[in-house]
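**Student:** Just so it is clear, I am handing over entry.txt, which has compact mmCIF, C-alpha atoms.
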```txt
# COMPACT_ATOMS: atom_id res chain seq x y z
CA MET A 241 155.65 -3.73 6.65
CA ASP A 242 153.29 -1.51 8.62
CA ALA A 243 154.25 -2.86 12.03
CA GLN A 244 157.97 -2.46 11.32
CA ARG A 245 157.51 1.13 10.14
CA ALA A 246 155.47 1.82 13.26
CA TYR A 247 157.99 0.62 15.82
CA ARG A 248 160.93 2.34 14.12
CA ARG A 249 159.42 5.55 15.49
CA VAL A 250 159.90 4.37 19.08
CA SER A 251 163.62 3.68 18.62
CA TRP A 252 164.92 6.16 21.20
CA THR A 253 162.25 5.29 23.79
CA PHE A 254 163.73 1.92 24.75
CA GLY A 255 167.21 3.28 25.28
CA PHE A 256 165.96 6.30 27.22
CA PHE A 257 163.96 4.27 29.73
CA ALA A 258 166.69 1.64 30.07
CA LEU A 259 169.24 4.30 31.00
CA LEU A 260 166.71 6.05 33.25
CA PHE A 261 166.08 2.90 35.27
CA CYS A 262 169.82 2.15 35.37
CA THR A 263 170.38 5.65 36.75
CA SER A 264 167.79 5.03 39.48
CA ALA A 265 169.43 1.75 40.44
CA GLY A 266 172.90 3.30 40.33
CA THR A 267 171.76 6.24 42.46
CA ALA A 268 170.31 3.87 45.08
CA VAL A 269 173.53 1.83 45.27
CA VAL A 270 175.81 4.88 45.46
CA ALA A 271 173.55 6.75 47.89
CA GLU A 272 173.53 3.86 50.36
CA GLY A 273 177.30 4.06 50.77
CA ALA A 274 177.48 7.86 50.59
CA LEU A 275 174.86 8.42 53.32
CA ARG A 276 176.74 6.11 55.68
CA GLY A 277 180.26 7.27 54.85
CA PRO A 278 182.09 10.50 54.06
CA GLY A 279 180.56 10.91 50.58
CA VAL A 280 180.90 9.63 47.04
CA SER A 281 184.01 8.00 45.62
CA TRP A 282 184.66 8.80 41.96
CA PRO A 283 187.63 6.54 41.02
CA PRO A 284 185.72 3.19 41.06
CA VAL A 285 182.89 4.73 39.05
CA LEU A 286 185.24 6.18 36.45
CA VAL A 287 187.00 2.83 36.09
CA LEU A 288 183.62 1.13 35.62
CA ALA A 289 182.63 3.71 33.00
CA VAL A 290 185.86 3.17 31.04
CA VAL A 291 185.46 -0.60 31.19
CA ALA A 292 181.85 -0.23 30.02
CA VAL A 293 182.79 1.97 27.05
CA VAL A 294 185.56 -0.39 25.95
CA GLY A 295 183.33 -3.41 26.46
CA VAL A 296 180.47 -1.93 24.44
CA VAL A 297 182.81 -1.06 21.55
CA VAL A 298 184.28 -4.57 21.57
CA LEU A 299 180.86 -6.22 21.76
CA ARG A 300 179.47 -4.11 18.93
CA GLY A 301 182.43 -5.07 16.77
CA GLY A 302 182.06 -8.71 17.78
CA ARG A 303 178.37 -8.61 16.93
CA LYS A 304 179.11 -7.42 13.40
CA VAL A 305 181.69 -10.16 12.88
CA ALA A 306 179.46 -12.88 14.35
CA SER A 307 176.46 -11.64 12.35
CA ARG A 308 178.43 -11.66 9.10
CA ARG A 309 179.53 -15.23 9.74
CA TYR A 310 175.96 -16.18 10.59
CA VAL A 311 174.68 -14.78 7.28
CA GLU A 312 177.46 -16.50 5.31
CA SER A 313 176.65 -19.80 7.03
CA ALA A 314 172.93 -19.37 6.35
CA LEU A 315 173.63 -18.70 2.67
CA ARG A 316 175.77 -21.84 2.41
CA ARG A 317 173.26 -24.07 4.19
CA GLY A 318 170.20 -22.53 2.59
CA ARG A 319 168.40 -22.00 5.90
CA ALA A 320 168.45 -19.53 8.77
CA GLY A 321 169.59 -20.72 12.19
CA PHE A 322 170.05 -18.99 15.53
CA SER A 323 171.36 -15.44 15.22
CA PRO A 324 174.07 -14.28 17.67
CA ALA A 325 172.77 -10.71 17.60
CA PHE A 326 170.77 -10.85 20.84
CA PRO A 327 173.48 -12.24 23.20
CA PHE A 328 175.97 -9.61 22.01
CA THR A 329 173.40 -6.83 22.29
CA LEU A 330 172.29 -7.91 25.75
CA ALA A 331 175.87 -8.04 27.05
CA ALA A 332 176.54 -4.59 25.59
CA TRP A 333 173.43 -3.13 27.23
CA VAL A 334 174.30 -4.67 30.60
CA LEU A 335 177.73 -3.03 30.45
CA ALA A 336 176.32 0.27 29.16
CA GLY A 337 173.63 0.30 31.84
CA ALA A 338 176.10 -0.43 34.62
CA GLY A 339 178.58 2.20 33.44
CA PHE A 340 176.03 4.92 32.74
CA GLY A 341 173.96 4.13 35.83
CA GLY A 342 177.00 4.25 38.08
CA LEU A 343 178.32 7.48 36.58
CA ALA A 344 174.97 9.28 36.48
CA GLY A 345 174.00 7.97 39.92
CA THR A 346 177.24 9.20 41.44
CA ALA A 347 176.72 12.63 39.90
CA VAL A 348 173.18 12.80 41.30
CA VAL A 349 174.28 11.78 44.78
CA ALA A 350 177.23 14.21 44.76
CA ALA A 351 174.89 17.07 43.80
CA ASP A 352 172.20 16.22 46.37
CA LEU A 353 174.23 15.33 49.46
CA GLY A 354 174.58 18.94 50.58
CA ASP A 355 170.85 19.75 50.49
CA ALA A 356 168.61 18.52 53.33
CA SER A 357 165.48 17.93 51.23
CA SER A 358 167.45 16.24 48.45
CA ARG A 359 169.19 14.11 51.05
CA ALA A 360 165.78 12.97 52.28
CA HIS A 361 164.85 11.94 48.72
CA LEU A 362 168.07 9.93 48.50
CA GLN A 363 167.24 8.18 51.76
CA ALA A 364 163.77 7.34 50.41
CA LEU A 365 165.37 5.83 47.30
CA VAL A 366 167.73 3.79 49.48
CA ASP A 367 164.78 2.56 51.57
CA PHE A 368 162.92 1.50 48.40
CA SER A 369 162.78 -2.27 47.95
CA ARG A 370 166.10 -3.04 46.25
CA PRO A 371 165.07 -6.36 44.67
CA ILE A 372 162.01 -4.77 43.07
CA LEU A 373 164.07 -1.87 41.69
CA LEU A 374 166.67 -4.26 40.28
CA LEU A 375 163.92 -6.46 38.84
CA PHE A 376 162.28 -3.57 37.00
CA THR A 377 165.67 -2.33 35.79
CA SER A 378 166.58 -5.78 34.50
CA LEU A 379 163.30 -6.07 32.61
CA VAL A 380 163.74 -2.68 30.94
CA VAL A 381 167.35 -3.48 29.94
CA LEU A 382 166.20 -6.85 28.59
CA ALA A 383 163.50 -5.12 26.55
CA ALA A 384 166.01 -2.63 25.15
CA ALA A 385 168.39 -5.42 24.18
CA GLY A 386 165.57 -7.31 22.47
CA TYR A 387 164.48 -4.24 20.52
CA TYR A 388 167.92 -3.11 19.34
CA SER A 389 169.06 -6.63 18.49
CA TRP A 390 166.00 -7.03 16.29
CA ARG A 391 166.63 -3.68 14.61
CA PHE A 392 170.21 -4.82 13.95
CA ARG A 393 168.94 -8.06 12.43
CA GLU A 394 166.57 -6.14 10.17
CA ARG A 395 169.39 -4.07 8.73
CA HIS A 396 172.21 -6.60 8.55
CA GLU A 397 170.68 -10.07 8.33
CA LEU A 398 167.05 -10.31 7.32
CA LEU A 399 167.27 -8.25 4.14
CA THR A 400 170.10 -10.45 2.86
CA LEU A 401 168.30 -13.68 3.79
CA GLN A 402 165.11 -12.50 2.14
CA ALA A 403 166.92 -11.40 -1.03
CA ALA A 404 168.57 -14.81 -1.23
CA GLY A 405 165.19 -16.53 -0.93
CA ILE A 406 166.15 -18.28 2.30
CA ALA A 407 163.84 -16.82 4.95
CA VAL A 408 161.42 -14.01 5.65
CA VAL A 409 159.64 -12.57 8.68
CA VAL A 410 155.93 -13.36 8.46
CA GLU A 411 153.61 -11.31 10.63
CA PRO A 412 150.84 -13.34 12.30
CA GLU A 413 147.34 -13.17 10.93
CA ALA A 414 144.67 -11.05 12.59
CA PRO A 415 143.65 -12.87 15.76
CA ARG A 416 140.41 -14.80 15.74
CA PRO A 417 137.84 -14.42 18.54
CA MET A 418 139.17 -17.48 20.37
CA LYS A 419 142.70 -16.06 20.43
CA VAL A 420 141.46 -12.66 21.60
CA THR A 421 139.61 -14.38 24.44
CA ARG A 422 142.75 -16.32 25.31
CA MET A 423 144.81 -13.11 25.54
CA TRP A 424 142.20 -11.71 27.90
CA LEU A 425 142.37 -14.83 30.05
CA VAL A 426 146.18 -14.61 30.14
CA GLY A 427 146.10 -11.13 31.64
CA THR A 428 143.24 -12.01 33.97
CA LEU A 429 145.01 -15.15 35.20
CA VAL A 430 148.20 -13.23 36.02
CA ASP A 431 146.23 -10.64 37.99
CA ALA A 432 144.19 -13.37 39.69
CA LEU A 433 147.34 -15.24 40.78
CA LEU A 434 148.83 -12.10 42.29
CA PHE A 435 145.55 -11.21 43.98
CA ALA A 436 145.36 -14.73 45.37
CA GLY A 437 148.94 -14.46 46.63
CA ALA A 438 147.91 -11.59 48.88
CA ILE A 439 144.40 -12.71 49.79
CA VAL A 440 144.96 -16.42 50.54
CA PRO A 441 147.20 -15.84 53.61
CA ARG A 442 144.55 -13.44 54.96
CA LEU A 443 141.78 -15.96 54.35
CA LEU A 444 143.73 -18.47 56.41
CA SER A 445 144.33 -15.95 59.16
CA ASP A 446 142.10 -15.47 62.19
CA ASP A 447 143.10 -11.83 62.81
CA ASP A 448 143.16 -10.16 59.40
CA ARG A 449 140.44 -11.73 57.30
CA PRO A 450 139.46 -9.71 54.19
CA THR A 451 136.10 -7.97 54.12
CA SER A 452 133.43 -8.67 51.51
CA ASP A 453 134.09 -5.24 49.99
CA GLU A 454 137.78 -6.07 49.54
CA LEU A 455 136.92 -9.37 47.86
CA THR A 456 134.35 -7.74 45.56
CA THR A 457 136.62 -4.84 44.62
CA GLY A 458 139.60 -7.14 44.13
CA GLY A 459 137.61 -9.51 41.95
CA PHE A 460 136.38 -6.68 39.74
CA ASN A 461 139.92 -5.27 39.46
CA VAL A 462 141.13 -8.66 38.32
CA VAL A 463 138.51 -8.90 35.58
CA ALA A 464 138.96 -5.26 34.53
CA GLY A 465 142.75 -5.42 34.75
CA PRO A 466 143.53 -5.92 31.02
CA ALA A 467 141.37 -2.91 30.06
CA VAL A 468 142.87 -0.67 32.75
CA VAL A 469 146.44 -1.61 31.88
CA SER A 470 145.91 -1.33 28.11
CA PHE A 471 144.18 2.05 28.34
CA SER A 472 146.82 3.46 30.72
CA ILE A 473 149.70 2.38 28.48
CA LEU A 474 148.02 3.71 25.34
CA LEU A 475 147.36 7.07 27.02
CA LEU A 476 151.03 7.33 27.99
CA MET A 477 152.01 6.46 24.42
CA LEU A 478 149.69 9.17 23.09
CA ALA A 479 151.53 11.74 25.21
CA ASN A 480 154.80 10.85 23.46
CA TRP A 481 155.08 12.04 19.85
CA SER A 482 157.24 9.08 18.80
CA THR A 483 154.72 6.50 20.03
CA ARG A 484 151.50 8.37 19.17
CA ARG A 485 150.88 6.70 15.81
CA PRO A 486 151.18 3.09 17.07
CA ALA A 487 148.88 3.93 20.00
CA LEU A 488 146.28 5.44 17.66
CA ARG A 489 146.30 2.29 15.52
CA ALA A 490 145.20 0.30 18.56
CA LEU A 491 142.74 2.87 19.92
CA LEU A 492 141.02 3.55 16.60
CA HIS A 493 140.10 -0.09 16.06
CA PRO A 494 136.27 -0.46 16.10
CA ALA A 495 136.35 -2.75 19.16
CA SER A 496 138.50 -0.27 21.10
CA LEU A 497 136.25 2.64 20.12
CA ALA A 498 133.16 0.66 21.14
CA ALA A 499 134.63 -0.17 24.56
CA ILE A 500 135.65 3.43 25.26
CA GLY A 501 132.32 4.71 23.95
CA LEU A 502 130.33 2.40 26.26
CA VAL A 503 132.30 3.53 29.29
CA LEU A 504 131.86 7.22 28.44
CA LEU A 505 128.15 6.73 27.71
CA GLY A 506 127.64 4.87 30.96
CA TYR A 507 129.45 7.59 32.91
CA GLY A 508 127.35 10.28 31.22
CA LEU A 509 124.06 8.52 31.97
CA ASP A 510 125.09 7.90 35.58
CA SER A 511 126.36 11.38 36.45
CA GLY A 512 124.34 13.53 34.06
CA ALA A 513 120.96 11.85 33.62
CA GLY A 514 120.77 10.05 36.95
CA LEU A 515 120.29 6.66 35.29
CA THR A 516 122.58 4.86 37.69
CA VAL A 517 121.61 1.29 36.87
CA VAL A 518 121.74 1.74 33.09
CA GLY A 519 124.96 3.74 33.31
CA THR A 520 126.60 1.12 35.52
CA VAL A 521 125.61 -1.71 33.20
CA LEU A 522 126.95 0.11 30.14
CA GLY A 523 130.15 1.05 31.94
CA ILE A 524 130.79 -2.51 33.06
CA ALA A 525 130.02 -3.77 29.54
CA GLY A 526 132.57 -1.33 28.10
CA ILE A 527 135.21 -2.36 30.63
CA LEU A 528 134.63 -6.05 29.93
CA LEU A 529 134.82 -5.44 26.17
CA GLY A 530 138.04 -3.48 26.67
CA SER A 531 139.46 -6.30 28.78
CA ALA A 532 138.37 -9.00 26.34
CA THR A 533 140.08 -7.22 23.43
CA CYS A 534 142.94 -5.67 25.48
CA LEU A 535 142.07 -2.56 23.39
CA ASN A 536 144.06 -4.27 20.60
CA ILE A 537 147.36 -3.44 22.26
CA MET A 538 148.55 -7.02 21.58
CA THR A 539 147.67 -7.09 17.89
CA ARG A 540 148.03 -3.60 16.36
CA GLY A 541 150.69 -0.93 16.30
CA ALA A 542 154.36 -1.51 17.09
CA GLN A 543 154.47 -5.24 17.71
CA PRO A 544 155.74 -7.21 19.51
CA TRP A 545 156.86 -4.33 21.70
CA MET A 546 153.44 -2.96 22.66
CA GLY A 547 152.33 -6.48 23.57
CA LEU A 548 155.40 -7.01 25.75
CA LEU A 549 154.78 -3.68 27.46
CA TYR A 550 151.20 -4.75 28.15
CA LEU A 551 152.28 -8.06 29.70
CA ALA A 552 154.83 -6.31 31.93
CA GLY A 553 152.32 -3.63 32.90
CA ASN A 554 149.71 -6.26 33.66
CA TYR A 555 152.09 -7.99 36.07
CA VAL A 556 152.86 -4.74 37.89
CA TYR A 557 149.15 -3.88 38.01
CA GLY A 558 148.31 -7.28 39.47
CA TYR A 559 151.08 -6.83 42.02
CA LEU A 560 149.66 -3.49 43.16
CA ILE A 561 145.90 -4.15 43.20
CA ALA A 562 146.23 -6.96 45.69
CA PRO A 563 145.13 -6.08 49.23
CA ASN A 564 147.90 -4.03 50.85
CA GLY A 565 149.63 -4.06 47.48
CA ASP A 566 152.74 -1.90 47.32
CA TYR A 567 156.25 -1.87 45.89
CA VAL A 568 157.33 -4.42 48.46
CA LEU A 569 158.41 -8.03 48.45
CA PRO A 570 155.71 -10.71 48.64
CA GLN A 571 154.68 -11.70 52.15
CA GLY A 572 155.30 -15.23 53.35
CA VAL A 573 156.05 -18.44 51.49
CA THR A 574 152.62 -18.52 49.82
CA GLY A 575 153.03 -14.96 48.52
CA TRP A 576 156.46 -15.74 47.08
CA ILE A 577 155.33 -18.97 45.42
CA ILE A 578 152.31 -17.38 43.74
CA ALA A 579 154.22 -14.22 42.72
CA LEU A 580 156.95 -16.36 41.11
CA LEU A 581 154.39 -18.56 39.37
CA ALA A 582 152.67 -15.47 37.98
CA ALA A 583 156.02 -14.06 36.85
CA ALA A 584 156.95 -17.34 35.13
CA TYR A 585 153.60 -17.44 33.36
CA ALA A 586 153.89 -13.80 32.24
CA ILE A 587 157.43 -14.44 30.94
CA ARG A 588 156.25 -17.53 29.08
CA GLU A 589 153.49 -15.54 27.36
CA ALA A 590 155.92 -12.70 26.58
CA VAL A 591 158.36 -15.10 24.90
CA LYS A 592 155.52 -16.65 22.92
CA HIS A 593 154.24 -13.25 21.80
CA TYR A 594 157.76 -12.15 20.81
CA ARG A 595 158.30 -15.28 18.73
CA GLU A 596 154.98 -14.89 16.96
CA TRP A 597 156.07 -11.51 15.59
CA THR A 598 159.78 -12.15 15.00
CA THR A 599 160.00 -15.75 13.81
CA VAL A 600 162.05 -16.10 10.63
CA GLU A 601 160.40 -18.68 8.37
CA PRO A 602 161.62 -20.33 5.17
CA ILE A 603 160.25 -18.83 1.99
```
Once more with this new file: its structure as structure tokens, please.
**Tutor:**
Amino acid sequence: MDAQRAYRRVSWTFGFFALLFCTSAGTAVVAEGALRGPGVSWPPVLVLAVVAVVGVVVLRGGRKVASRRYVESALRRGRAGFSPAFPFTLAAWVLAGAGFGGLAGTAVVAADLGDASSRAHLQALVDFSRPILLLFTSLVVLAAAGYYSWRFRERHELLTLQAAGIAVVVEPEAPRPMKVTRMWLVGTLVDALLFAGAIVPRLLSDDDRPTSDELTTGGFNVVAGPAVVSFSILLLMLANWSTRRPALRALLHPASLAAIGLVLLGYGLDSGAGLTVVGTVLGIAGILLGSATCLNIMTRGAQPWMGLLYLAGNYVYGYLIAPNGDYVLPQGVTGWIIALLAAAYAIREAVKHYREWTTVEPI
């Protein structure tokens, strides 16, 4: 299938970013102790690395055994049940991330402790909000486990089930206008919740009430959020050779081309011809069209992975566009409640999107 061929090209990307984030988290943890004490301690890290290697080997072997039994059971019963591939893969990636992150982080800290400027960078990493760093790392590791478990199922389970006439993966149909509008509202609602989490406490305050410009700019950012996030992710994917083809499939859709064309035309009329009003109207129309269609990042290319990346990026974007938005923890009880509600909603939509593209149905 086209989507499956497309996301096979991004195979190394998930593992690379998972290990990169694990290294950042490991560096922060090791640096905190090294900056306060005499330096790094290698023995605990080496023990963790050995345990991780052994654990990964055992889990990979256990996954093969459990998967084989799952396929045999499915063949006997004539229907596909729950595959054990994901729990084994997730546990293996948690161990691999901890071992690699600890080892690589210790090496980074040991190399940078002697240099004053590098030591300052380490201190900045230590001062970075630890819960946010761990949250992002967990999400990337979870995404890697989801991707590689599905690739394992493709090779070792789904082909056998399909050949036996038991089950097959059916890609969803092209979304209808109502579904496209719903996807836009999902992203907009997440951004709106996060914006509200930061703005509501200020509205209730007597000292730090938001200005009309902040409210106007924030409202526009909320509406334009899906287009901004989609376009940013697709541009990053274009810069990577392994993800260029899936990104082009989304960008070359007529709706995506129309949205980008309207924005460029509006900018040209505004800056070049002096037609500010016409240029602004066309630019806003292009942004709204891009937001309404999410530039097809949820429906074309390497799915469900591009859609999951969009939902995660939309949450981060909503977190940052709020007034005083930064990589910090939410402020106050209201901020925490709304941020957690937005996270729960984004996770719910991510699970739903994943299931739409990976559900195994009876033939």
**Student:** How many Å separate CA of Val463 in chain A from CA of Phe257 in chain A?
**Tutor:** 29.2 Å
**Student:** Out of A:Ala432, A:Ile372, A:Val573, A:Ala583, which residue has the shortest atom-to-atom distance to Ala265 in chain A when counting all atoms listed in the file?
**Tutor:**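 When distances to Ala265 in chain A are compared using all atoms listed in the file, the smallest one comes from A:Ile372.
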**Student:** Using all atoms listed in the file, determine which residues lie at most 8 Å from Val285 in chain A, disregarding the query and same-chain residues fewer than 2 positions distant; provide the list as a list of chain:residue names.
**Tutor:**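 In the requested form, the answer reads A:Ser281, A:Trp282, A:Pro283, A:Val287, A:Leu288, A:Ala289, A:Gly339, A:Gly342, A:Leu343, A:Thr346.
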**Student:** With distances taken over only C-alpha atoms, which residue among A:Ser511, A:Thr483, A:Ser470, A:Ser358 lies nearest Gly547 in chain A?
**Tutor:** A:Ser470
**Student:** Just how far from CA of Ala258 in chain A is CA of Val380 in chain A, in Å to one decimal?
**Tutor:**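 One can read the CA of Val380 in chain A to CA of Ala258 in chain A distance as 5.3 Å.
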**Student:** Which is closest to Thr400 in chain A among A:Asp510, A:Asp352, A:Glu312, A:Glu601, if we use all atoms listed in the file?
**Tutor:**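 Among A:Asp510, A:Asp352, A:Glu312, A:Glu601, it is A:Glu312 that comes nearest to Thr400 in chain A.
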